[in-house]
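Here is query-v1.cif, consisting of mmCIF, C-alpha atoms and all ligand atoms:
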```
data_work
#
loop_
_atom_site.label_atom_id
_atom_site.label_comp_id
_atom_site.auth_asym_id
_atom_site.auth_seq_id
_atom_site.Cartn_x
_atom_site.Cartn_y
_atom_site.Cartn_z
CA MET Z 1 0.00 0.00 0.00
CA LYS Z 2 1.30 3.47 -0.92
CA LYS Z 3 1.98 5.86 1.98
CA GLU Z 4 -0.18 8.88 1.23
CA LYS Z 5 -3.15 10.38 3.03
CA ILE Z 6 -5.54 11.84 0.49
CA LEU Z 7 -8.37 14.36 0.90
CA VAL Z 8 -11.03 14.40 -1.83
CA ILE Z 9 -13.08 17.63 -1.78
CA GLY Z 10 -16.41 17.35 -3.62
CA ALA Z 11 -16.36 13.57 -3.11
CA CYS Z 12 -20.14 13.16 -3.46
CA GLY Z 13 -20.33 14.54 -7.01
CA GLN Z 14 -20.39 12.79 -10.38
CA ILE Z 15 -16.61 12.30 -10.49
CA GLY Z 16 -15.94 12.37 -6.75
CA VAL Z 17 -17.80 9.17 -5.85
CA GLU Z 18 -16.00 7.04 -8.45
CA LEU Z 19 -12.61 8.68 -7.94
CA THR Z 20 -12.80 8.22 -4.16
CA LEU Z 21 -13.68 4.53 -4.55
CA ALA Z 22 -10.82 4.04 -7.05
CA LEU Z 23 -8.30 5.84 -4.80
CA ARG Z 24 -9.43 3.76 -1.82
CA LYS Z 25 -8.63 0.58 -3.77
CA ILE Z 26 -5.07 1.83 -4.36
CA TYR Z 27 -4.26 3.60 -1.08
CA GLY Z 28 -6.58 1.77 1.35
CA GLY Z 29 -9.98 3.00 2.57
CA ALA Z 30 -8.63 4.64 5.74
CA ASN Z 31 -6.10 6.71 3.77
CA VAL Z 32 -8.62 8.45 1.52
CA VAL Z 33 -10.78 10.99 3.36
CA ALA Z 34 -13.93 11.89 1.43
CA SER Z 35 -15.42 15.34 2.01
CA ASP Z 36 -18.29 17.45 0.66
CA LEU Z 37 -20.93 19.96 1.63
CA ARG Z 38 -23.57 17.32 0.94
CA GLU Z 39 -24.42 14.24 2.99
CA GLU Z 40 -22.17 11.25 2.40
CA ASN Z 41 -23.09 9.43 -0.81
CA GLU Z 42 -24.59 5.95 -0.25
CA LEU Z 43 -21.88 4.31 -2.36
CA LEU Z 44 -19.13 5.76 -0.16
CA LYS Z 45 -20.67 4.67 3.16
CA GLY Z 46 -18.53 2.07 4.95
CA THR Z 47 -15.63 2.36 2.50
CA GLY Z 48 -13.58 4.97 4.44
CA PRO Z 49 -13.68 8.20 6.46
CA TYR Z 50 -16.05 11.05 5.61
CA VAL Z 51 -15.90 14.66 6.85
CA SER Z 52 -18.18 17.58 6.10
CA ILE Z 53 -16.06 20.42 4.63
CA ASP Z 54 -16.91 23.72 2.98
CA VAL Z 55 -13.87 24.37 0.79
CA MET Z 56 -14.62 28.11 0.98
CA ASN Z 57 -13.87 28.05 4.71
CA LYS Z 58 -10.09 28.06 4.42
CA GLU Z 59 -9.45 27.89 8.17
CA MET Z 60 -11.66 24.84 8.63
CA LEU Z 61 -10.08 23.19 5.59
CA HIS Z 62 -6.58 23.92 6.90
CA VAL Z 63 -7.44 22.44 10.32
CA GLN Z 64 -8.72 19.25 8.66
CA VAL Z 65 -5.58 18.94 6.50
CA ILE Z 66 -3.37 19.17 9.62
CA ARG Z 67 -5.63 17.04 11.84
CA GLN Z 68 -5.92 14.24 9.28
CA ASN Z 69 -2.21 14.37 8.25
CA ILE Z 70 -3.23 14.95 4.62
CA THR Z 71 -0.43 14.70 2.02
CA GLN Z 72 -2.48 15.07 -1.21
CA ILE Z 73 -5.69 16.91 -2.16
CA TYR Z 74 -8.05 16.20 -5.06
CA LEU Z 75 -10.26 19.30 -5.45
CA LEU Z 76 -13.50 18.50 -7.30
CA ALA Z 77 -15.90 21.08 -5.84
CA ALA Z 78 -17.12 23.45 -8.56
CA ILE Z 79 -20.18 24.91 -10.26
CA LEU Z 80 -20.42 23.56 -13.82
CA SER Z 81 -21.18 25.33 -17.10
CA ALA Z 82 -24.99 25.38 -17.23
CA THR Z 83 -25.55 26.10 -13.52
CA GLY Z 84 -22.76 28.69 -13.66
CA GLU Z 85 -24.65 30.82 -16.18
CA LYS Z 86 -27.55 31.11 -13.72
CA ASN Z 87 -25.35 32.78 -11.09
CA PRO Z 88 -22.05 33.94 -12.61
CA PRO Z 89 -20.62 35.70 -9.51
CA LEU Z 90 -21.20 32.60 -7.38
CA ALA Z 91 -19.62 30.31 -9.99
CA TRP Z 92 -16.58 32.58 -10.31
CA HIS Z 93 -16.23 32.85 -6.52
CA LEU Z 94 -16.50 29.12 -5.78
CA ASN Z 95 -14.44 27.92 -8.73
CA THR Z 96 -11.50 30.28 -8.21
CA GLN Z 97 -11.45 30.81 -4.40
CA SER Z 98 -11.67 27.06 -3.70
CA LEU Z 99 -8.57 26.52 -5.83
CA LEU Z 100 -6.65 29.39 -4.23
CA ASN Z 101 -7.53 28.05 -0.74
CA VAL Z 102 -6.24 24.59 -1.64
CA LEU Z 103 -3.09 25.83 -3.41
CA ASP Z 104 -2.18 28.05 -0.44
CA ILE Z 105 -2.64 25.21 2.05
CA ALA Z 106 -0.64 22.89 -0.24
CA LYS Z 107 2.18 25.43 -0.27
CA GLU Z 108 2.12 25.96 3.51
CA GLU Z 109 1.84 22.29 4.44
CA LYS Z 110 4.20 21.12 1.67
CA LEU Z 111 1.68 18.61 0.30
CA THR Z 112 3.21 16.10 -2.13
CA LYS Z 113 0.56 16.63 -4.87
CA VAL Z 114 -2.68 18.42 -5.73
CA TYR Z 115 -5.21 17.46 -8.42
CA TRP Z 116 -7.65 19.99 -9.88
CA PRO Z 117 -9.70 19.43 -13.06
CA SER Z 118 -10.16 21.95 -15.82
CA SER Z 119 -12.49 21.45 -18.78
CA ILE Z 120 -12.95 21.72 -22.54
CA ALA Z 121 -15.02 24.77 -21.51
CA VAL Z 122 -11.80 26.83 -21.49
CA PHE Z 123 -12.10 26.87 -25.28
CA GLY Z 124 -14.36 29.42 -26.93
CA PRO Z 125 -15.83 30.22 -30.34
CA THR Z 126 -12.46 31.42 -31.68
CA SER Z 127 -10.66 28.15 -30.84
CA PRO Z 128 -10.31 25.55 -33.64
CA LYS Z 129 -13.45 23.38 -33.82
CA GLU Z 130 -11.77 20.13 -34.88
CA PHE Z 131 -8.81 18.55 -33.03
CA CYS Z 132 -8.46 21.62 -30.88
CA PRO Z 133 -4.77 21.73 -29.92
CA GLN Z 134 -3.20 21.88 -26.46
CA GLN Z 135 -2.02 25.45 -27.09
CA THR Z 136 -4.26 27.64 -29.22
CA ILE Z 137 -6.50 30.72 -29.11
CA ILE Z 138 -8.45 30.46 -25.86
CA GLU Z 139 -11.27 32.98 -25.39
CA PRO Z 140 -14.01 31.34 -23.25
CA THR Z 141 -17.50 32.88 -23.25
CA THR Z 142 -18.99 31.20 -20.15
CA VAL Z 143 -18.20 32.12 -16.55
CA TYR Z 144 -17.32 28.46 -16.00
CA GLY Z 145 -14.79 28.54 -18.86
CA ILE Z 146 -13.31 31.82 -17.64
CA SER Z 147 -12.94 30.44 -14.10
CA LYS Z 148 -11.28 27.25 -15.41
CA TYR Z 149 -8.85 29.15 -17.60
CA ALA Z 150 -7.89 31.47 -14.71
CA GLY Z 151 -7.51 28.38 -12.51
CA GLU Z 152 -5.14 26.77 -15.00
CA PHE Z 153 -2.84 29.75 -14.73
CA TRP Z 154 -2.99 29.72 -10.94
CA CYS Z 155 -1.87 26.06 -11.05
CA ASN Z 156 0.98 26.99 -13.38
CA TYR Z 157 1.92 29.91 -11.11
CA TYR Z 158 1.97 27.88 -7.87
CA PHE Z 159 4.07 25.20 -9.56
CA HIS Z 160 6.70 27.57 -10.95
CA ARG Z 161 6.74 30.07 -8.08
CA TYR Z 162 6.29 27.80 -5.05
CA GLY Z 163 7.01 24.28 -6.33
CA VAL Z 164 3.46 22.98 -5.61
CA ASP Z 165 3.12 19.79 -7.67
CA VAL Z 166 -0.40 20.49 -8.96
CA ARG Z 167 -1.65 18.50 -11.96
CA SER Z 168 -4.71 18.98 -14.14
CA ILE Z 169 -6.80 17.60 -17.00
CA ARG Z 170 -9.26 19.41 -19.27
CA TYR Z 171 -11.99 16.76 -19.06
CA PRO Z 172 -14.47 16.43 -21.92
CA GLY Z 173 -18.14 15.77 -21.05
CA LEU Z 174 -18.22 12.79 -18.69
CA ILE Z 175 -20.80 10.01 -18.84
CA SER Z 176 -21.49 7.74 -15.88
CA TYR Z 177 -24.24 5.87 -14.04
CA LYS Z 178 -23.06 5.71 -10.40
CA SER Z 179 -23.59 9.34 -9.36
CA SER Z 180 -25.71 12.03 -11.05
CA PRO Z 181 -24.11 14.86 -13.06
CA GLY Z 182 -24.04 18.29 -11.42
CA GLY Z 183 -25.38 20.80 -13.98
CA GLY Z 184 -23.24 20.69 -17.11
CA THR Z 185 -24.04 21.26 -20.78
CA THR Z 186 -22.99 17.68 -21.59
CA ASP Z 187 -25.45 16.18 -19.04
CA TYR Z 188 -27.85 15.27 -21.86
CA ALA Z 189 -25.53 12.38 -22.69
CA VAL Z 190 -26.21 10.90 -19.24
CA GLU Z 191 -29.96 11.70 -19.11
CA ILE Z 192 -30.53 10.05 -22.48
CA TYR Z 193 -29.52 6.60 -21.16
CA HIS Z 194 -31.83 6.85 -18.13
CA GLU Z 195 -34.78 7.95 -20.29
CA ALA Z 196 -34.00 5.31 -22.91
CA LYS Z 197 -34.35 2.60 -20.27
CA GLU Z 198 -37.36 4.13 -18.50
CA LYS Z 199 -39.40 5.67 -21.36
CA LYS Z 200 -37.74 4.56 -24.61
CA LYS Z 201 -37.71 8.18 -25.75
CA TYR Z 202 -35.78 11.36 -24.98
CA ILE Z 203 -36.12 15.09 -25.74
CA SER Z 204 -32.60 16.45 -26.20
CA PHE Z 205 -31.81 19.97 -24.96
CA LEU Z 206 -29.07 20.15 -27.60
CA GLU Z 207 -29.90 20.17 -31.31
CA ALA Z 208 -29.03 17.39 -33.77
CA GLY Z 209 -25.54 17.97 -35.13
CA THR Z 210 -24.14 19.35 -31.85
CA LYS Z 211 -20.98 17.27 -31.73
CA LEU Z 212 -18.97 17.53 -28.50
CA PRO Z 213 -15.94 15.78 -26.97
CA MET Z 214 -17.03 13.08 -24.49
CA MET Z 215 -15.54 10.35 -22.30
CA TYR Z 216 -16.82 7.39 -20.27
CA MET Z 217 -16.13 7.73 -16.53
CA PRO Z 218 -13.85 4.66 -16.16
CA ASP Z 219 -11.49 6.24 -18.72
CA ALA Z 220 -11.60 9.59 -16.90
CA ILE Z 221 -10.84 7.99 -13.52
CA ARG Z 222 -7.96 5.99 -14.98
CA ALA Z 223 -6.56 9.09 -16.72
CA THR Z 224 -6.68 11.03 -13.45
CA ILE Z 225 -4.84 8.34 -11.52
CA GLU Z 226 -2.29 7.80 -14.32
CA LEU Z 227 -1.54 11.53 -14.47
CA MET Z 228 -1.14 11.71 -10.68
CA GLU Z 229 1.15 8.66 -10.65
CA ALA Z 230 3.30 9.82 -13.58
CA SER Z 231 6.86 10.86 -12.84
CA ALA Z 232 7.11 14.66 -12.41
CA LYS Z 233 9.78 14.75 -15.12
CA ASN Z 234 7.17 13.58 -17.68
CA ILE Z 235 4.72 16.39 -16.90
CA SER Z 236 5.42 19.14 -19.44
CA VAL Z 237 2.06 20.90 -19.05
CA ARG Z 238 1.49 22.72 -15.75
CA THR Z 239 -1.69 24.50 -16.81
CA SER Z 240 -3.95 21.56 -17.82
CA TYR Z 241 -3.77 18.65 -20.28
CA ASN Z 242 -6.17 18.23 -23.22
CA LEU Z 243 -7.76 14.75 -22.96
CA ALA Z 244 -9.95 12.94 -25.47
CA ALA Z 245 -11.73 9.66 -26.12
CA MET Z 246 -14.69 10.16 -28.50
CA SER Z 247 -16.89 12.88 -29.99
CA PHE Z 248 -20.56 12.56 -30.91
CA ALA Z 249 -23.77 14.50 -31.51
CA PRO Z 250 -27.19 13.64 -29.95
CA GLU Z 251 -28.35 11.69 -33.04
CA GLU Z 252 -25.21 9.53 -32.90
CA ILE Z 253 -25.70 8.55 -29.24
CA ALA Z 254 -29.37 7.86 -30.15
CA SER Z 255 -28.27 5.51 -32.99
CA SER Z 256 -25.94 3.74 -30.60
CA ILE Z 257 -28.81 3.24 -28.11
CA GLN Z 258 -31.07 1.95 -30.93
CA LYS Z 259 -28.59 -0.91 -31.48
CA PHE Z 260 -29.63 -2.17 -28.01
CA ILE Z 261 -33.17 -0.67 -27.73
CA PRO Z 262 -34.51 -0.57 -31.35
CA SER Z 263 -37.73 1.25 -30.41
CA PHE Z 264 -35.85 4.19 -28.80
CA GLU Z 265 -36.75 7.63 -30.21
CA ILE Z 266 -35.06 11.00 -29.88
CA SER Z 267 -36.57 14.45 -30.47
CA TYR Z 268 -35.06 17.92 -30.00
CA LYS Z 269 -35.98 21.05 -28.04
CA SER Z 270 -32.89 23.16 -27.45
CA ASP Z 271 -32.53 25.68 -24.62
CA TYR Z 272 -29.86 28.11 -23.31
CA ARG Z 273 -27.33 25.28 -23.14
CA GLN Z 274 -27.22 25.17 -26.97
CA GLN Z 275 -25.27 28.44 -27.03
CA ILE Z 276 -22.76 27.08 -24.53
CA ALA Z 277 -22.29 23.89 -26.57
CA ASN Z 278 -21.89 25.92 -29.78
CA SER Z 279 -18.94 27.77 -28.24
CA TRP Z 280 -16.94 24.58 -27.54
CA PRO Z 281 -14.78 22.49 -29.90
CA LYS Z 282 -16.19 19.37 -31.51
CA SER Z 283 -13.03 17.34 -30.97
CA ILE Z 284 -9.78 17.64 -29.02
CA ASP Z 285 -6.16 16.91 -29.88
CA ASP Z 286 -4.74 15.18 -26.78
CA SER Z 287 -1.43 14.09 -28.31
CA THR Z 288 0.60 15.84 -25.57
CA ALA Z 289 -1.07 13.72 -22.84
CA ARG Z 290 -0.50 10.61 -24.96
CA GLU Z 291 3.20 11.46 -25.43
CA ASP Z 292 3.95 12.73 -21.91
CA TRP Z 293 2.33 10.11 -19.68
CA GLY Z 294 1.05 7.45 -22.08
CA TRP Z 295 -2.67 8.31 -22.08
CA LYS Z 296 -4.82 5.88 -24.12
CA HIS Z 297 -8.62 5.70 -23.97
CA GLU Z 298 -10.48 2.36 -23.92
CA TYR Z 299 -14.16 3.19 -24.43
CA ASP Z 300 -15.78 4.17 -27.72
CA LEU Z 301 -19.47 5.10 -28.09
CA ASP Z 302 -20.95 1.60 -28.56
CA ARG Z 303 -18.86 0.03 -25.80
CA MET Z 304 -19.95 2.82 -23.44
CA THR Z 305 -23.62 2.46 -24.48
CA LYS Z 306 -23.59 -1.28 -23.80
CA ASP Z 307 -22.07 -0.74 -20.34
CA MET Z 308 -24.40 2.15 -19.45
CA LEU Z 309 -27.55 0.26 -20.45
CA GLU Z 310 -26.42 -2.85 -18.59
CA ASN Z 311 -25.67 -0.94 -15.38
CA ILE Z 312 -28.40 1.71 -15.05
P1 LIG U 401 -20.51 17.75 -9.36
O1 LIG U 401 -21.29 19.00 -9.38
O2 LIG U 401 -21.18 16.47 -9.66
O3 LIG U 401 -19.80 17.59 -7.95
C1 LIG U 401 -19.22 18.68 -7.26
C2 LIG U 401 -19.32 18.39 -5.78
O4 LIG U 401 -18.75 19.48 -5.07
C3 LIG U 401 -20.77 18.25 -5.28
O5 LIG U 401 -20.94 17.03 -4.58
C4 LIG U 401 -20.97 19.45 -4.37
O6 LIG U 401 -21.80 19.20 -3.26
C5 LIG U 401 -19.53 19.73 -3.92
N1 LIG U 401 -19.35 21.11 -3.48
C6 LIG U 401 -19.90 22.23 -4.01
N2 LIG U 401 -19.54 23.31 -3.29
C7 LIG U 401 -18.75 22.86 -2.30
C8 LIG U 401 -18.08 23.50 -1.22
N3 LIG U 401 -18.17 24.83 -1.02
N4 LIG U 401 -17.33 22.74 -0.39
C9 LIG U 401 -17.25 21.40 -0.57
N5 LIG U 401 -17.87 20.74 -1.56
C10 LIG U 401 -18.62 21.46 -2.40
O7 LIG U 401 -19.26 17.98 -10.33
P2 LIG U 401 -18.40 16.86 -11.11
O8 LIG U 401 -19.04 16.62 -12.41
O9 LIG U 401 -18.09 15.73 -10.20
O10 LIG U 401 -17.10 17.72 -11.41
C11 LIG U 401 -15.95 17.68 -10.58
C12 LIG U 401 -14.89 18.58 -11.20
O11 LIG U 401 -14.59 18.14 -12.53
C13 LIG U 401 -15.32 20.05 -11.33
O12 LIG U 401 -14.19 20.88 -11.15
C14 LIG U 401 -15.78 20.15 -12.77
O13 LIG U 401 -15.64 21.44 -13.27
C15 LIG U 401 -14.80 19.20 -13.45
N6 LIG U 401 -15.30 18.70 -14.73
C16 LIG U 401 -16.39 17.87 -14.79
C17 LIG U 401 -16.84 17.42 -16.03
C18 LIG U 401 -18.03 16.52 -16.15
O14 LIG U 401 -18.48 16.23 -17.27
N7 LIG U 401 -18.58 16.02 -15.05
C19 LIG U 401 -16.19 17.83 -17.21
C20 LIG U 401 -15.12 18.72 -17.11
C21 LIG U 401 -14.66 19.12 -15.86
N1 LIG U 402 -19.32 18.51 -18.66
C1 LIG U 402 -18.95 19.83 -18.28
C2 LIG U 402 -20.08 20.80 -18.50
O1 LIG U 402 -20.86 20.56 -19.38
C3 LIG U 402 -17.75 20.28 -19.05
O2 LIG U 402 -16.87 20.85 -18.18
O3 LIG U 402 -20.12 21.76 -17.81
#
```
Go ahead and express the file in the form of structure tokens.
Amino acid sequence: MKKEKILVIGACGQIGVELTLALRKIYGGANVVASDLREENELLKGTGPYVSIDVMNKEMLHVQVIRQNITQIYLLAAILSATGEKNPPLAWHLNTQSLLNVLDIAKEEKLTKVYWPSSIAVFGPTSPKEFCPQQTIIEPTTVYGISKYAGEFWCNYYFHRYGVDVRSIRYPGLISYKSSPGGGTTDYAVEIYHEAKEKKKYISFLEAGTKLPMMYMPDAIRATIELMEASAKNISVRTSYNLAAMSFAPEEIASSIQKFIPSFEISYKSDYRQQIANSWPKSIDDSTAREDWGWKHEYDLDRMTKDMLENI
């Protein structure tokens, strides 16, 4: 067993539940402290310690880090793209202040590593639409994207100025069945599977033809752990790594579902999230992650669909 004591902040969210369970398998249940504002998720109960933490309360967070002898933090608390547009000041405040609180504590307590996710939302309408490169024009138009891009540069700053070993991935839209998504523009690609099983039909809030970069959660969890376990000398990007697996539009995920549920039907009624989706790239060039730390995805659309429909 590896000797680290990890704190996961935002452990009851879509990524947090699965990441906490995966980390507990590697480091041992007692060495991965789950924390959130919410009540402990059912799937986490009995698998390791849980503490209630508001990441915005820096003093309380600092006390917990010292009290629990924490050596690494995974910061997952955030407000996502669609929810962020409903209250931009709150999204900016939570997404940036939480990161600054964690980076400061990491610097003071000399933590061995910090993980903080960014997103494809950093890209905006002026970024290349296809195979959007690691380094390119980045002019986000959502408060979520702005907060993620600012966060990337804070990570870079704390690494170069203070030596904080903080690592990051620009996740695409993530699809999973264990824990519900938290208010993103890509959430349709989770909802569609639930409705396919329950009602055999789905009204998509994104139009046909809206192709976006996506990834199945097991790939995202593996990528996160592989990045965190990579040797520091292989990490050339200290802002955030592009990461990719597949790209699809609503009609393509519908066709994939129809291979397993032939009577499934999709219809379209777009809302404010269409504009957010239109501002993002359709596909991502993640060759730097593949070269630096050997990233390779495993799930394509049909393999993901089969697994989702079997497990929901
Ligand atoms: P989520 O909304 O499902 O989970 C976030 C969790 O943080 C929630 O359980 C929430 O209760 C908790 N939280 C909120 N405010 C808090 C606070 N003040 N203190 C402590 N906890 C608090 O989000 P997610 O989908 O699991 O995303 C995790 C991270 O990954 C976020 O930074 C998000 O931007 C990023 N990300 C997610 C996706 C995706 O598709 N899910 C894609 C790109 C990036
Ligand atoms: N899935 C996320 C969202 O839609 C991307 O960061 O907000």
Please identify all polymer residues within 7 Å of Z:Trp293, counting all atoms listed in the file, omitting same-chain residues fewer than 3 positions from it, and present them as a PyMOL selection string.
chain Z and resi 227+230+234+289-290
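We find atom CA of Z:Leu90 and atom CA of Z:Asp54 to be spaced 14.3 Å apart.
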Contacts of Z:Leu43 at 9 Å (all atoms listed in the file; same-chain gap of 3+ positions) as a list in words:
Val17, Glu18, Leu21, Glu40, Gly46, Thr47, Lys178 and Ser179 of chain Z
Hey, can you spit out that residue selection with C-alpha atoms as a compact mmCIF listing (two decimals), in the frame of the given file?
```txt
# COMPACT_ATOMS: atom_id res chain seq x y z
CA VAL Z 17 -17.80 9.17 -5.85
CA GLU Z 18 -16.00 7.04 -8.45
CA LEU Z 21 -13.68 4.53 -4.55
CA GLU Z 40 -22.17 11.25 2.40
CA GLY Z 46 -18.53 2.07 4.95
CA THR Z 47 -15.63 2.36 2.50
CA LYS Z 178 -23.06 5.71 -10.40
CA SER Z 179 -23.59 9.34 -9.36
```
Centre, x/y/z edge lengths, axis-aligned box for ligand LIG 401 (chain U) with 3 Å per side, as JSON:
```
{"center_x": -18.0, "center_y": 20.3, "center_z": -8.8, "size_x": 13.6, "size_y": 15.1, "size_z": 22.9}
```
Let me have all residues with an atom within 7 Å of ligand LIG 401 (chain U), counting all atoms listed in the file, laid out as number ranges by chain.
Z: 9-16, 35-38, 53-56, 76-80, 94, 116-120, 170-175, 180-184, 186
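What separates atom CA of Z:Lys259 from atom CA of Z:Thr305 is a distance of 9.2 Å.
Between Z:Gly84 and the residues Z:Phe153, Z:Phe260, Z:Tyr144, Z:Tyr193, the shortest atom-to-atom distance, using only C-alpha atoms, involves Z:Tyr144.
Going from atom CA of Z:Leu19 over to atom CA of Z:Tyr202, you cover 28.9 Å.
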